[in-house]
file final-v4.txt (compact mmCIF, C-alpha atoms)
# COMPACT_ATOMS: atom_id res chain seq x y z
CA MET C 182 88.40 78.57 171.24
CA ARG C 183 87.78 82.00 169.82
CA LEU C 184 90.72 83.35 171.79
CA LEU C 185 92.98 80.67 170.28
CA ALA C 186 91.87 81.54 166.76
CA ILE C 187 92.50 85.24 167.37
CA LEU C 188 95.96 84.53 168.76
CA LEU C 189 96.79 82.30 165.78
CA LEU C 190 95.70 84.97 163.27
CA ALA C 191 97.66 87.66 165.10
CA SER C 192 100.74 85.45 165.08
CA CYS C 193 100.45 84.86 161.33
CA CYS C 194 100.15 88.58 160.66
CA ALA C 195 103.08 89.40 162.90
CA PHE C 196 105.51 86.94 161.31
CA SER C 197 104.25 86.83 157.74
CA GLN C 198 105.97 88.53 154.79
CA VAL C 199 104.19 89.89 151.72
CA VAL C 200 106.19 89.90 148.47
CA ILE C 201 104.66 91.77 145.52
CA SER C 202 106.16 91.41 142.04
CA VAL C 203 104.82 93.53 139.21
CA ASP C 204 105.32 92.79 135.50
CA GLU C 205 105.23 96.25 133.99
CA ASN C 206 105.19 94.89 130.44
CA VAL C 207 101.59 93.69 130.67
CA SER C 208 100.27 97.20 131.33
CA LYS C 209 102.85 99.60 129.92
CA ASN C 210 100.58 100.55 126.99
CA HIS C 211 97.25 100.66 128.83
CA SER C 212 96.96 104.41 128.24
CA LYS C 213 97.72 104.22 124.51
CA SER C 214 95.32 103.84 121.58
CA LEU C 215 95.12 100.66 119.54
CA PHE C 216 93.65 102.52 116.57
CA LEU C 217 96.49 105.05 116.66
CA ALA C 218 99.03 102.20 116.67
CA MET C 219 97.26 100.58 113.71
CA GLY C 220 97.19 103.93 111.88
CA TYR C 221 100.92 104.42 112.37
CA SER C 222 101.60 100.90 111.04
CA ALA C 223 99.39 101.55 108.01
CA LEU C 224 101.25 104.80 107.28
CA LEU C 225 104.73 103.34 107.79
CA PRO C 226 105.23 99.73 108.93
CA GLY C 227 107.12 99.57 112.21
CA MET C 228 105.83 102.89 113.53
CA GLY C 229 102.96 101.20 115.36
CA GLU C 230 105.47 98.99 117.16
CA LEU C 231 107.64 102.05 117.93
CA TYR C 232 104.59 103.84 119.37
CA LEU C 233 104.01 100.82 121.64
CA ASP C 234 107.69 100.73 122.71
CA GLU C 235 108.27 97.39 121.00
CA ASN C 236 111.45 98.17 119.10
CA SER C 237 112.69 94.72 118.05
CA LEU C 238 110.82 94.70 114.71
CA VAL C 239 110.91 98.42 113.90
CA ARG C 240 114.04 98.31 111.75
CA PRO C 241 113.06 95.17 109.78
CA PHE C 242 109.67 96.68 108.91
CA VAL C 243 111.12 100.09 107.98
CA TRP C 244 114.00 98.74 105.88
CA THR C 245 111.71 96.27 104.12
CA ASP C 246 109.33 99.10 103.24
CA ALA C 247 112.16 101.30 101.98
CA ALA C 248 113.49 98.50 99.77
CA LEU C 249 110.01 97.84 98.36
CA TRP C 250 109.43 101.53 97.59
CA LEU C 251 112.79 101.70 95.82
CA THR C 252 111.95 98.59 93.79
CA ALA C 253 108.49 99.90 92.89
CA PHE C 254 109.74 103.31 91.71
CA SER C 255 112.72 101.84 89.87
CA SER C 256 110.67 99.20 88.04
CA TYR C 257 108.01 101.74 87.07
CA PHE C 258 110.45 104.24 85.53
CA ILE C 259 112.50 101.48 83.90
CA GLY C 260 109.28 100.21 82.33
CA GLU C 261 108.51 103.70 81.03
CA ARG C 262 111.95 103.85 79.45
CA TYR C 263 111.47 100.48 77.76
CA ILE C 264 108.05 101.37 76.32
CA THR C 265 109.42 104.69 75.02
CA SER C 266 112.44 102.91 73.56
CA ALA C 267 110.22 100.30 71.86
CA HIS C 268 107.96 103.00 70.37
CA GLU C 269 110.93 104.97 69.02
CA TYR C 270 112.41 101.77 67.58
CA ALA C 271 109.15 100.98 65.75
CA VAL C 272 109.00 104.53 64.39
CA ARG C 273 112.58 104.26 63.13
CA HIS C 274 112.52 100.74 61.66
CA ALA C 275 108.87 100.11 60.86
CA GLY C 276 107.69 103.59 59.99
CA LEU C 277 105.05 103.60 62.76
CA ASN C 278 103.21 106.86 62.21
CA THR C 279 101.61 107.54 65.61
CA LYS C 280 102.84 109.05 68.84
CA SER C 281 100.64 106.70 70.86
CA LYS C 282 102.50 104.40 73.24
CA LYS C 283 99.44 102.30 73.98
CA VAL C 284 100.70 98.87 75.00
CA SER C 285 98.04 96.94 73.05
CA LEU C 286 98.98 98.85 69.87
CA LEU C 287 102.71 98.21 70.30
CA ASN C 288 102.05 94.52 71.01
CA THR C 289 100.13 94.34 67.71
CA VAL C 290 102.95 96.13 65.88
CA GLY C 291 105.28 93.41 67.14
CA ASP C 292 102.91 90.61 66.11
CA TYR C 293 102.42 91.66 62.45
CA ARG C 294 104.94 92.78 59.86
CA SER C 295 102.67 95.40 58.39
CA ARG C 296 99.27 96.93 58.11
CA GLY C 297 97.99 97.12 54.60
CA GLY C 298 100.67 95.12 52.80
CA VAL C 299 104.40 94.55 53.13
CA ALA C 300 106.59 96.57 50.79
CA GLY C 301 108.70 94.20 48.68
CA GLN C 302 106.51 91.29 49.68
CA ASN C 303 108.28 87.93 49.59
CA SER C 304 107.31 85.44 46.90
CA SER C 305 105.38 83.21 49.31
CA PRO C 306 103.79 85.57 51.83
CA ASP C 307 102.11 84.43 55.01
CA MET C 308 98.69 86.03 55.01
CA ASP C 309 98.84 86.38 58.81
CA GLU C 310 101.83 88.68 58.51
CA ASP C 311 99.53 91.52 57.50
CA TYR C 312 97.23 92.90 60.24
CA ASN C 313 94.42 94.00 57.92
CA GLN C 314 94.29 90.65 56.09
CA SER C 315 94.26 88.83 59.43
CA MET C 316 91.28 90.89 60.63
CA ILE C 317 89.39 90.30 57.36
CA ARG C 318 89.97 86.54 57.59
CA ALA C 319 88.67 86.62 61.19
CA GLY C 320 85.54 88.48 60.07
CA LYS C 321 86.44 91.65 61.98
CA PRO C 322 86.64 95.24 60.73
CA THR C 323 90.18 96.44 60.12
CA ASP C 324 89.60 99.53 62.27
CA ASP C 325 88.02 97.68 65.19
CA GLU C 326 90.95 98.39 67.54
CA PHE C 327 92.96 101.08 65.77
CA SER C 328 92.24 103.77 63.23
CA ASN C 329 93.14 102.86 59.66
CA SER C 330 95.40 105.92 59.64
CA ILE C 331 97.88 104.08 61.87
CA GLN C 332 100.38 102.25 59.66
CA TRP C 333 103.64 100.33 60.03
CA ASP C 334 105.78 98.05 57.87
CA TRP C 335 108.79 96.09 59.14
CA GLY C 336 109.58 94.90 55.64
CA SER C 337 109.73 91.55 53.87
CA SER C 338 110.63 88.41 55.80
CA ASP C 339 113.05 87.62 52.94
CA ASN C 340 115.30 90.27 54.45
CA LEU C 341 116.96 88.89 57.59
CA GLU C 342 117.65 92.39 58.87
CA THR C 343 113.95 93.15 59.16
CA THR C 344 113.48 89.97 61.20
CA ASP C 345 116.29 91.10 63.49
CA HIS C 346 114.51 94.43 63.90
CA MET C 347 111.31 92.69 64.92
CA ASP C 348 113.21 90.50 67.38
CA GLU C 349 114.85 93.55 68.95
CA PHE C 350 111.48 95.28 69.23
CA ALA C 351 109.97 92.16 70.85
CA SER C 352 112.87 92.08 73.33
CA ARG C 353 112.21 95.66 74.42
CA MET C 354 108.51 94.94 74.87
CA ARG C 355 109.35 91.81 76.88
CA HIS C 356 111.57 93.83 79.22
CA TYR C 357 108.72 96.32 79.61
CA ARG C 358 106.33 93.53 80.66
CA ILE C 359 108.87 92.14 83.15
CA SER C 360 109.33 95.58 84.72
CA ARG C 361 105.57 95.96 85.05
CA ILE C 362 105.32 92.57 86.78
CA VAL C 363 108.05 93.62 89.22
CA PHE C 364 106.20 96.88 89.84
CA GLN C 365 102.91 95.11 90.56
CA VAL C 366 104.57 92.59 92.87
CA SER C 367 106.32 95.43 94.73
CA VAL C 368 103.06 97.30 95.24
CA GLY C 369 101.42 94.12 96.51
CA ALA C 370 104.33 93.54 98.90
CA LEU C 371 104.00 97.12 100.20
CA VAL C 372 100.37 96.45 101.06
CA LEU C 373 101.25 93.11 102.66
CA ASN C 374 104.01 94.72 104.75
CA ARG C 375 101.45 97.12 106.17
CA VAL C 376 98.95 94.38 106.92
CA VAL C 377 101.60 92.35 108.77
CA SER C 378 102.71 95.42 110.75
CA ILE C 379 99.11 96.23 111.71
CA LEU C 380 98.52 92.67 112.90
CA ASP C 381 101.77 92.76 114.87
CA ALA C 382 100.81 96.08 116.48
CA MET C 383 97.51 94.52 117.53
CA ARG C 384 99.38 91.56 119.04
CA VAL C 385 101.73 93.85 120.97
CA TYR C 386 98.85 96.00 122.21
CA ARG C 387 96.89 93.00 123.49
CA ALA C 388 99.97 91.75 125.33
CA THR C 389 100.95 95.08 126.90
CA SER C 390 97.74 97.02 127.57
CA SER C 391 96.09 95.06 130.39
CA LYS C 392 93.90 97.37 132.49
CA SER C 393 92.41 94.80 134.83
CA PHE C 394 94.21 94.14 138.13
CA ALA C 395 92.02 91.20 139.11
CA LYS C 396 92.83 89.19 136.00
CA ASN C 397 96.55 89.27 136.76
CA VAL C 398 96.65 88.62 140.53
CA ASP C 399 98.14 85.39 141.83
CA PHE C 400 98.18 84.69 145.59
CA SER C 401 100.68 82.00 146.57
CA PRO C 402 100.86 81.50 150.38
CA GLU C 403 103.82 79.47 151.67
CA PHE C 404 104.80 78.48 155.23
CA TYR C 405 108.33 78.88 156.50
CA GLU C 406 110.06 75.57 157.13
CA ASP C 407 110.28 76.22 160.86
CA GLY C 408 106.59 77.14 161.00
CA SER C 409 107.32 80.62 162.31
CA GLY C 410 105.34 82.47 159.71
CA ILE C 411 103.69 82.64 156.26
CA LEU C 412 105.28 83.88 153.01
CA MET C 413 102.57 85.46 150.82
CA ASN C 414 103.49 86.02 147.13
CA VAL C 415 101.25 88.35 145.19
CA LYS C 416 101.95 88.55 141.46
CA PHE C 417 100.15 90.87 139.09
call {"tool": "encode", "arguments": {"input": "final-v4.txt", "output": "structure tokens"}}
result
Amino acid sequence: MRLLAILLLASCCAFSQVVISVDENVSKNHSKSLFLAMGYSALLPGMGELYLDENSLVRPFVWTDAALWLTAFSSYFIGERYITSAHEYAVRHAGLNTKSKKVSLLNTVGDYRSRGGVAGQNSSPDMDEDYNQSMIRAGKPTDDEFSNSIQWDWGSSDNLETTDHMDEFASRMRHYRISRIVFQVSVGALVLNRVVSILDAMRVYRATSSKSFAKNVDFSPEFYEDGSGILMNVKF
């Protein structure tokens, strides 16, 4: 009986074939660092994937980041031009006597015709057109936000030209606010692009850095149809 078993085993070994197939992708990055890949993605999205030899998303990440940087810089400098333009316009048409470009100050200049009384006041003035009177009616000091030395006067509302000046000033301030919104959204998108690239680098690393042979071994014995031997598939 033992002799028969030995002969059977020897026969199987003599006529069997071992086929080994290796998927190199599951271990091609086993010697690389996950933290280095994440650092590259944080510095420039797509570089973590490039470090891990996963090139399909490198260009989309890089071009997206370049477009967002361009948008952020453009919107910031355009906003600076609009705020400077609005300040110069107020100096020219409302006699604003300060070099300050503080946004809250310029917003107030656009909300009120004057500070301290409109020259050539119309016959039926709106008390809220004057900043100082509005503060007094609200029970607040007139110099609570700005020094009393800061003055402006767009002129009487009876004059349509002064109203046009205020509308133009408001338009420039509105464009400034829009540019700042675009800038903030661009900065947020730059951060998000890095987060997505980091997460993708982590996904690629997990899929391509397997270091364990045992976890990826699959033995699949098969007998030849004529019974002459065994086909042994080993996949890892």
call {"tool": "atom_distance", "arguments": {"input": "final-v4.txt", "atom1": "atom CA of Leu287 of chain C", "atom2": "atom CA of Ser360 of chain C"}}
result
16.1 Å
call {"tool": "residues_around", "arguments": {"input": "final-v4.txt", "residues": "Glu261 of chain C", "least_positions_apart": "4", "cutoff": "8 Å", "atoms": "only C-alpha atoms", "output": "PyMOL selection string"}}
result
chain C and resi 257+265+357
call {"tool": "write_last_selection", "arguments": {"input": "final-v4.txt", "atoms": "C-alpha atoms", "output": "PDB file, keeping the file's coordinate frame"}}
result
ATOM      1  CA  TYR C 257     108.010 101.740  87.070  1.00  0.00           C
ATOM      2  CA  THR C 265     109.420 104.690  75.020  1.00  0.00           C
ATOM      3  CA  TYR C 357     108.720  96.320  79.610  1.00  0.00           C
TER       4      TYR C 357
END
call {"tool": "residues_around", "arguments": {"input": "final-v4.txt", "residues": "Phe364 of chain C", "least_positions_apart": "3", "cutoff": "9 Å", "atoms": "only C-alpha atoms", "output": "number ranges by chain"}}
result
C: 252-257, 260, 359-361, 367-369
call {"tool": "write_last_selection", "arguments": {"input": "final-v4.txt", "atoms": "C-alpha atoms", "output": "PDB file, keeping the file's coordinate frame"}}
result
ATOM      1  CA  THR C 252     111.950  98.590  93.790  1.00  0.00           C
ATOM      2  CA  ALA C 253     108.490  99.900  92.890  1.00  0.00           C
ATOM      3  CA  PHE C 254     109.740 103.310  91.710  1.00  0.00           C
ATOM      4  CA  SER C 255     112.720 101.840  89.870  1.00  0.00           C
ATOM      5  CA  SER C 256     110.670  99.200  88.040  1.00  0.00           C
ATOM      6  CA  TYR C 257     108.010 101.740  87.070  1.00  0.00           C
ATOM      7  CA  GLY C 260     109.280 100.210  82.330  1.00  0.00           C
ATOM      8  CA  ILE C 359     108.870  92.140  83.150  1.00  0.00           C
ATOM      9  CA  SER C 360     109.330  95.580  84.720  1.00  0.00           C
ATOM     10  CA  ARG C 361     105.570  95.960  85.050  1.00  0.00           C
ATOM     11  CA  SER C 367     106.320  95.430  94.730  1.00  0.00           C
ATOM     12  CA  VAL C 368     103.060  97.300  95.240  1.00  0.00           C
ATOM     13  CA  GLY C 369     101.420  94.120  96.510  1.00  0.00           C
TER      14      GLY C 369
END
call {"tool": "closest_residue", "arguments": {"input": "final-v4.txt", "among": "C:Ser330, C:Ser214, C:Pro226, C:Tyr221", "to": "Leu373 of chain C", "atoms": "only C-alpha atoms"}}
result
C:Pro226
call {"tool": "atom_distance", "arguments": {"input": "final-v4.txt", "atom1": "atom CA of Phe350 of chain C", "atom2": "atom CA of His268 of chain C"}}
result
8.6 Å
call {"tool": "residues_around", "arguments": {"input": "final-v4.txt", "residues": "Asn210 of chain C", "least_positions_apart": "6", "cutoff": "8 Å", "atoms": "all atoms listed in the file", "output": "count of residues only"}}
result
5
call {"tool": "closest_residue", "arguments": {"input": "final-v4.txt", "among": "C:Lys321, C:Lys282, C:Lys209, C:Arg294", "to": "Met347 of chain C", "atoms": "all atoms listed in the file"}}
result
C:Arg294
call {"tool": "closest_residue", "arguments": {"input": "final-v4.txt", "among": "C:Gly291, C:Gly229, C:Gly297, C:Gly220", "to": "Asp311 of chain C", "atoms": "all atoms listed in the file"}}
result
C:Gly297
call {"tool": "atom_distance", "arguments": {"input": "final-v4.txt", "atom1": "atom CA of Val377 of chain C", "atom2": "atom CA of Ile362 of chain C"}}
result
22.3 Å
call {"tool": "closest_residue", "arguments": {"input": "final-v4.txt", "among": "C:Leu341, C:Val366, C:Leu251, C:Ile331", "to": "Leu286 of chain C", "atoms": "only C-alpha atoms"}}
result
C:Ile331
